[in-house]
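Structure data follow from entry27.cif (mmCIF, C-alpha atoms):
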```
data_work
#
loop_
_atom_site.label_atom_id
_atom_site.label_comp_id
_atom_site.auth_asym_id
_atom_site.auth_seq_id
_atom_site.Cartn_x
_atom_site.Cartn_y
_atom_site.Cartn_z
CA MET S 108 82.76 219.15 -135.31
CA ALA S 109 85.03 218.77 -132.32
CA GLU S 110 83.59 217.76 -128.96
CA ARG S 111 83.89 220.14 -126.02
CA ARG S 112 84.29 218.88 -122.44
CA PHE S 113 80.58 219.00 -121.62
CA GLY S 114 79.35 217.24 -124.74
CA ARG S 115 78.53 220.38 -126.72
CA LYS S 116 79.76 220.61 -130.28
CA ALA S 117 82.49 223.21 -130.86
CA ARG S 118 81.66 225.64 -133.62
CA VAL S 119 84.29 226.45 -136.21
CA PRO S 120 84.07 229.77 -138.06
CA ARG S 121 84.09 230.03 -141.82
CA PRO S 122 87.33 231.20 -143.48
CA GLY S 123 87.76 234.95 -142.96
CA TYR S 124 85.46 234.96 -139.92
CA ALA S 125 85.95 234.61 -136.17
CA LEU S 126 83.71 233.41 -133.37
CA VAL S 127 83.34 236.22 -130.86
CA SER S 128 81.81 236.29 -127.41
CA VAL S 129 81.66 239.55 -125.49
CA SER S 130 81.34 240.25 -121.78
CA ALA S 131 81.15 243.83 -120.55
CA ARG S 132 81.14 245.28 -117.03
CA ASP S 133 79.14 248.50 -116.66
CA ALA S 134 79.73 251.39 -114.24
CA ASN S 135 77.55 249.70 -111.61
CA GLY S 136 79.60 246.49 -111.70
CA PHE S 137 77.02 244.43 -113.58
CA VAL S 138 78.43 242.02 -116.15
CA HIS S 139 76.61 241.67 -119.45
CA HIS S 140 77.28 238.56 -121.54
CA TYR S 141 76.41 238.51 -125.21
CA ASP S 142 75.84 235.43 -127.34
CA GLU S 143 78.67 234.07 -129.43
CA ILE S 144 78.52 235.46 -132.96
CA GLU S 145 80.39 234.78 -136.16
CA ALA S 146 81.88 238.06 -137.38
CA PRO S 147 84.06 238.98 -140.36
CA LEU S 148 87.68 239.50 -139.32
CA GLY S 149 87.78 242.98 -140.88
CA SER S 150 84.76 244.12 -138.86
CA LEU S 151 86.24 242.61 -135.73
CA ARG S 152 89.53 244.48 -136.20
CA GLU S 153 87.72 247.77 -136.85
CA SER S 154 85.49 247.32 -133.80
CA LEU S 155 88.42 246.60 -131.53
CA ALA S 156 90.32 249.61 -132.88
CA ILE S 157 87.33 251.87 -132.18
CA LEU S 158 86.93 250.47 -128.65
CA HIS S 159 90.63 250.98 -128.02
CA LEU S 160 90.55 254.57 -129.31
CA HIS S 161 87.62 255.42 -127.04
CA SER S 162 89.03 253.70 -123.94
CA SER S 163 89.75 255.64 -120.76
CA GLU S 164 93.42 254.55 -120.93
CA MET S 165 93.76 256.15 -124.35
CA ASP S 166 92.10 259.35 -123.11
CA ALA S 167 94.48 259.45 -120.15
CA ALA S 168 97.49 258.88 -122.42
CA HIS S 169 96.46 261.80 -124.64
CA HIS S 170 96.13 264.06 -121.62
CA GLY S 171 99.60 263.11 -120.37
CA ASP S 172 98.53 261.22 -117.25
CA GLU S 173 101.29 259.14 -115.69
CA ALA S 174 98.93 256.32 -114.65
CA ALA S 175 98.09 255.43 -118.25
CA SER S 176 101.73 254.71 -119.12
CA ARG S 177 102.11 251.96 -116.51
#
```

Full structure transcribed into structure tokens:
Amino acid sequence: MAERRFGRKARVPRPGYALVSVSARDANGFVHHYDEIEAPLGSLRESLAILHLHSSEMDAAHHGDEAASR
């Protein structure tokens, strides 16, 4: 495995998989960090598409708000 700067070993995903780490900020401004996981690329693409479809920018675009188009 490849060495990272701080001496930790870099993980490499299996073919067809990706290493994913997620950080999310909630309505109160708290940031939640989730452990790095190895996920199938198909599941990753579907998850991102769902998140995008349910985003506030997408809702604003469907309602014709000008702010979403900038």

Suppose you want the space between atom CA of S:Glu143 and atom CA of S:Ser128; what is it in Å?
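Answer for the atom CA of S:Glu143 to atom CA of S:Ser128 separation: 4.3 Å.
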
Could you tell me which residues the PyMOL selection byres ((chain S and resi 124) around 8) grabs in this file, written as an MDAnalysis selection string?
chainID S and resid 120:123 125:126 145:148

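Going from atom CA of S:His159 to atom CA of S:Val138 covers 19.2 Å.
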
Distance query S:Ser130 at most 8 Å, only C-alpha atoms, self and fewer than 6 positions along chain excluded, as a PyMOL selection string:
chain S and resi 138-141

Any chance you could model N, CA, C and O atoms for stretch 146-172 of chain S and send them as an mmCIF file, in the coordinates of the input?
```cif
data_model
loop_
_atom_site.group_PDB
_atom_site.id
_atom_site.type_symbol
_atom_site.label_atom_id
_atom_site.label_comp_id
_atom_site.auth_asym_id
_atom_site.auth_seq_id
_atom_site.Cartn_x
_atom_site.Cartn_y
_atom_site.Cartn_z
ATOM 1 N N ALA S 146 81.690 236.733 -136.821
ATOM 2 C CA ALA S 146 81.880 238.060 -137.380
ATOM 3 C C ALA S 146 83.042 238.057 -138.368
ATOM 4 O O ALA S 146 84.030 237.352 -138.165
ATOM 5 N N PRO S 147 82.937 238.859 -139.426
ATOM 6 C CA PRO S 147 84.060 238.980 -140.360
ATOM 7 C C PRO S 147 85.285 239.546 -139.657
ATOM 8 O O PRO S 147 85.164 240.433 -138.801
ATOM 9 N N LEU S 148 86.465 239.051 -139.977
ATOM 10 C CA LEU S 148 87.680 239.500 -139.320
ATOM 11 C C LEU S 148 87.913 241.008 -139.485
ATOM 12 O O LEU S 148 88.358 241.676 -138.557
ATOM 13 N N GLY S 149 87.610 241.551 -140.653
ATOM 14 C CA GLY S 149 87.780 242.980 -140.880
ATOM 15 C C GLY S 149 86.911 243.800 -139.948
ATOM 16 O O GLY S 149 87.371 244.785 -139.347
ATOM 17 N N SER S 150 85.668 243.407 -139.772
ATOM 18 C CA SER S 150 84.760 244.120 -138.860
ATOM 19 C C SER S 150 85.233 243.991 -137.427
ATOM 20 O O SER S 150 85.147 244.941 -136.649
ATOM 21 N N LEU S 151 85.732 242.828 -137.075
ATOM 22 C CA LEU S 151 86.240 242.610 -135.730
ATOM 23 C C LEU S 151 87.428 243.518 -135.445
ATOM 24 O O LEU S 151 87.483 244.184 -134.402
ATOM 25 N N ARG S 152 88.358 243.610 -136.379
ATOM 26 C CA ARG S 152 89.530 244.480 -136.200
ATOM 27 C C ARG S 152 89.115 245.936 -136.069
ATOM 28 O O ARG S 152 89.637 246.663 -135.225
ATOM 29 N N GLU S 153 88.183 246.382 -136.917
ATOM 30 C CA GLU S 153 87.720 247.770 -136.850
ATOM 31 C C GLU S 153 87.023 248.059 -135.527
ATOM 32 O O GLU S 153 87.241 249.103 -134.919
ATOM 33 N N SER S 154 86.200 247.141 -135.070
ATOM 34 C CA SER S 154 85.490 247.320 -133.800
ATOM 35 C C SER S 154 86.444 247.421 -132.635
ATOM 36 O O SER S 154 86.297 248.283 -131.759
ATOM 37 N N LEU S 155 87.444 246.555 -132.613
ATOM 38 C CA LEU S 155 88.420 246.600 -131.530
ATOM 39 C C LEU S 155 89.246 247.885 -131.570
ATOM 40 O O LEU S 155 89.557 248.463 -130.528
ATOM 41 N N ALA S 156 89.572 248.353 -132.762
ATOM 42 C CA ALA S 156 90.320 249.610 -132.880
ATOM 43 C C ALA S 156 89.495 250.775 -132.348
ATOM 44 O O ALA S 156 90.010 251.638 -131.631
ATOM 45 N N ILE S 157 88.214 250.802 -132.663
ATOM 46 C CA ILE S 157 87.330 251.870 -132.180
ATOM 47 C C ILE S 157 87.212 251.809 -130.663
ATOM 48 O O ILE S 157 87.309 252.829 -129.980
ATOM 49 N N LEU S 158 87.018 250.614 -130.106
ATOM 50 C CA LEU S 158 86.930 250.470 -128.650
ATOM 51 C C LEU S 158 88.224 250.931 -127.987
ATOM 52 O O LEU S 158 88.200 251.597 -126.953
ATOM 53 N N HIS S 159 89.343 250.584 -128.580
ATOM 54 C CA HIS S 159 90.630 250.980 -128.020
ATOM 55 C C HIS S 159 90.790 252.509 -128.067
ATOM 56 O O HIS S 159 91.248 253.121 -127.099
ATOM 57 N N LEU S 160 90.419 253.116 -129.168
ATOM 58 C CA LEU S 160 90.550 254.570 -129.310
ATOM 59 C C LEU S 160 89.677 255.323 -128.319
ATOM 60 O O LEU S 160 90.029 256.416 -127.882
ATOM 61 N N HIS S 161 88.542 254.747 -127.953
ATOM 62 C CA HIS S 161 87.620 255.420 -127.040
ATOM 63 C C HIS S 161 87.784 254.964 -125.586
ATOM 64 O O HIS S 161 86.974 255.326 -124.743
ATOM 65 N N SER S 162 88.830 254.197 -125.307
ATOM 66 C CA SER S 162 89.030 253.700 -123.940
ATOM 67 C C SER S 162 89.531 254.803 -123.029
ATOM 68 O O SER S 162 90.136 255.779 -123.460
ATOM 69 N N SER S 163 89.303 254.643 -121.732
ATOM 70 C CA SER S 163 89.750 255.640 -120.760
ATOM 71 C C SER S 163 91.280 255.683 -120.694
ATOM 72 O O SER S 163 91.858 256.737 -120.450
ATOM 73 N N GLU S 164 91.957 254.552 -120.928
ATOM 74 C CA GLU S 164 93.420 254.550 -120.930
ATOM 75 C C GLU S 164 93.960 255.404 -122.064
ATOM 76 O O GLU S 164 94.941 256.114 -121.905
ATOM 77 N N MET S 165 93.316 255.348 -123.215
ATOM 78 C CA MET S 165 93.760 256.150 -124.350
ATOM 79 C C MET S 165 93.518 257.622 -124.074
ATOM 80 O O MET S 165 94.364 258.462 -124.373
ATOM 81 N N ASP S 166 92.380 257.958 -123.468
ATOM 82 C CA ASP S 166 92.100 259.350 -123.110
ATOM 83 C C ASP S 166 93.147 259.873 -122.131
ATOM 84 O O ASP S 166 93.648 260.981 -122.277
ATOM 85 N N ALA S 167 93.491 259.041 -121.139
ATOM 86 C CA ALA S 167 94.480 259.450 -120.150
ATOM 87 C C ALA S 167 95.849 259.635 -120.802
ATOM 88 O O ALA S 167 96.576 260.575 -120.468
ATOM 89 N N ALA S 168 96.196 258.778 -121.742
ATOM 90 C CA ALA S 168 97.490 258.880 -122.420
ATOM 91 C C ALA S 168 97.571 260.172 -123.234
ATOM 92 O O ALA S 168 98.613 260.814 -123.291
ATOM 93 N N HIS S 169 96.469 260.567 -123.844
ATOM 94 C CA HIS S 169 96.460 261.800 -124.640
ATOM 95 C C HIS S 169 96.521 263.040 -123.772
ATOM 96 O O HIS S 169 96.966 264.090 -124.227
ATOM 97 N N HIS S 170 96.094 262.918 -122.534
ATOM 98 C CA HIS S 170 96.130 264.060 -121.620
ATOM 99 C C HIS S 170 97.426 264.091 -120.820
ATOM 100 O O HIS S 170 97.605 264.966 -119.974
ATOM 101 N N GLY S 171 98.319 263.113 -121.040
ATOM 102 C CA GLY S 171 99.600 263.110 -120.370
ATOM 103 C C GLY S 171 99.591 262.562 -118.957
ATOM 104 O O GLY S 171 100.508 262.820 -118.196
ATOM 105 N N ASP S 172 98.587 261.799 -118.590
ATOM 106 C CA ASP S 172 98.530 261.220 -117.250
ATOM 107 C C ASP S 172 99.599 260.141 -117.105
ATOM 108 O O ASP S 172 99.805 259.322 -117.978
#
```
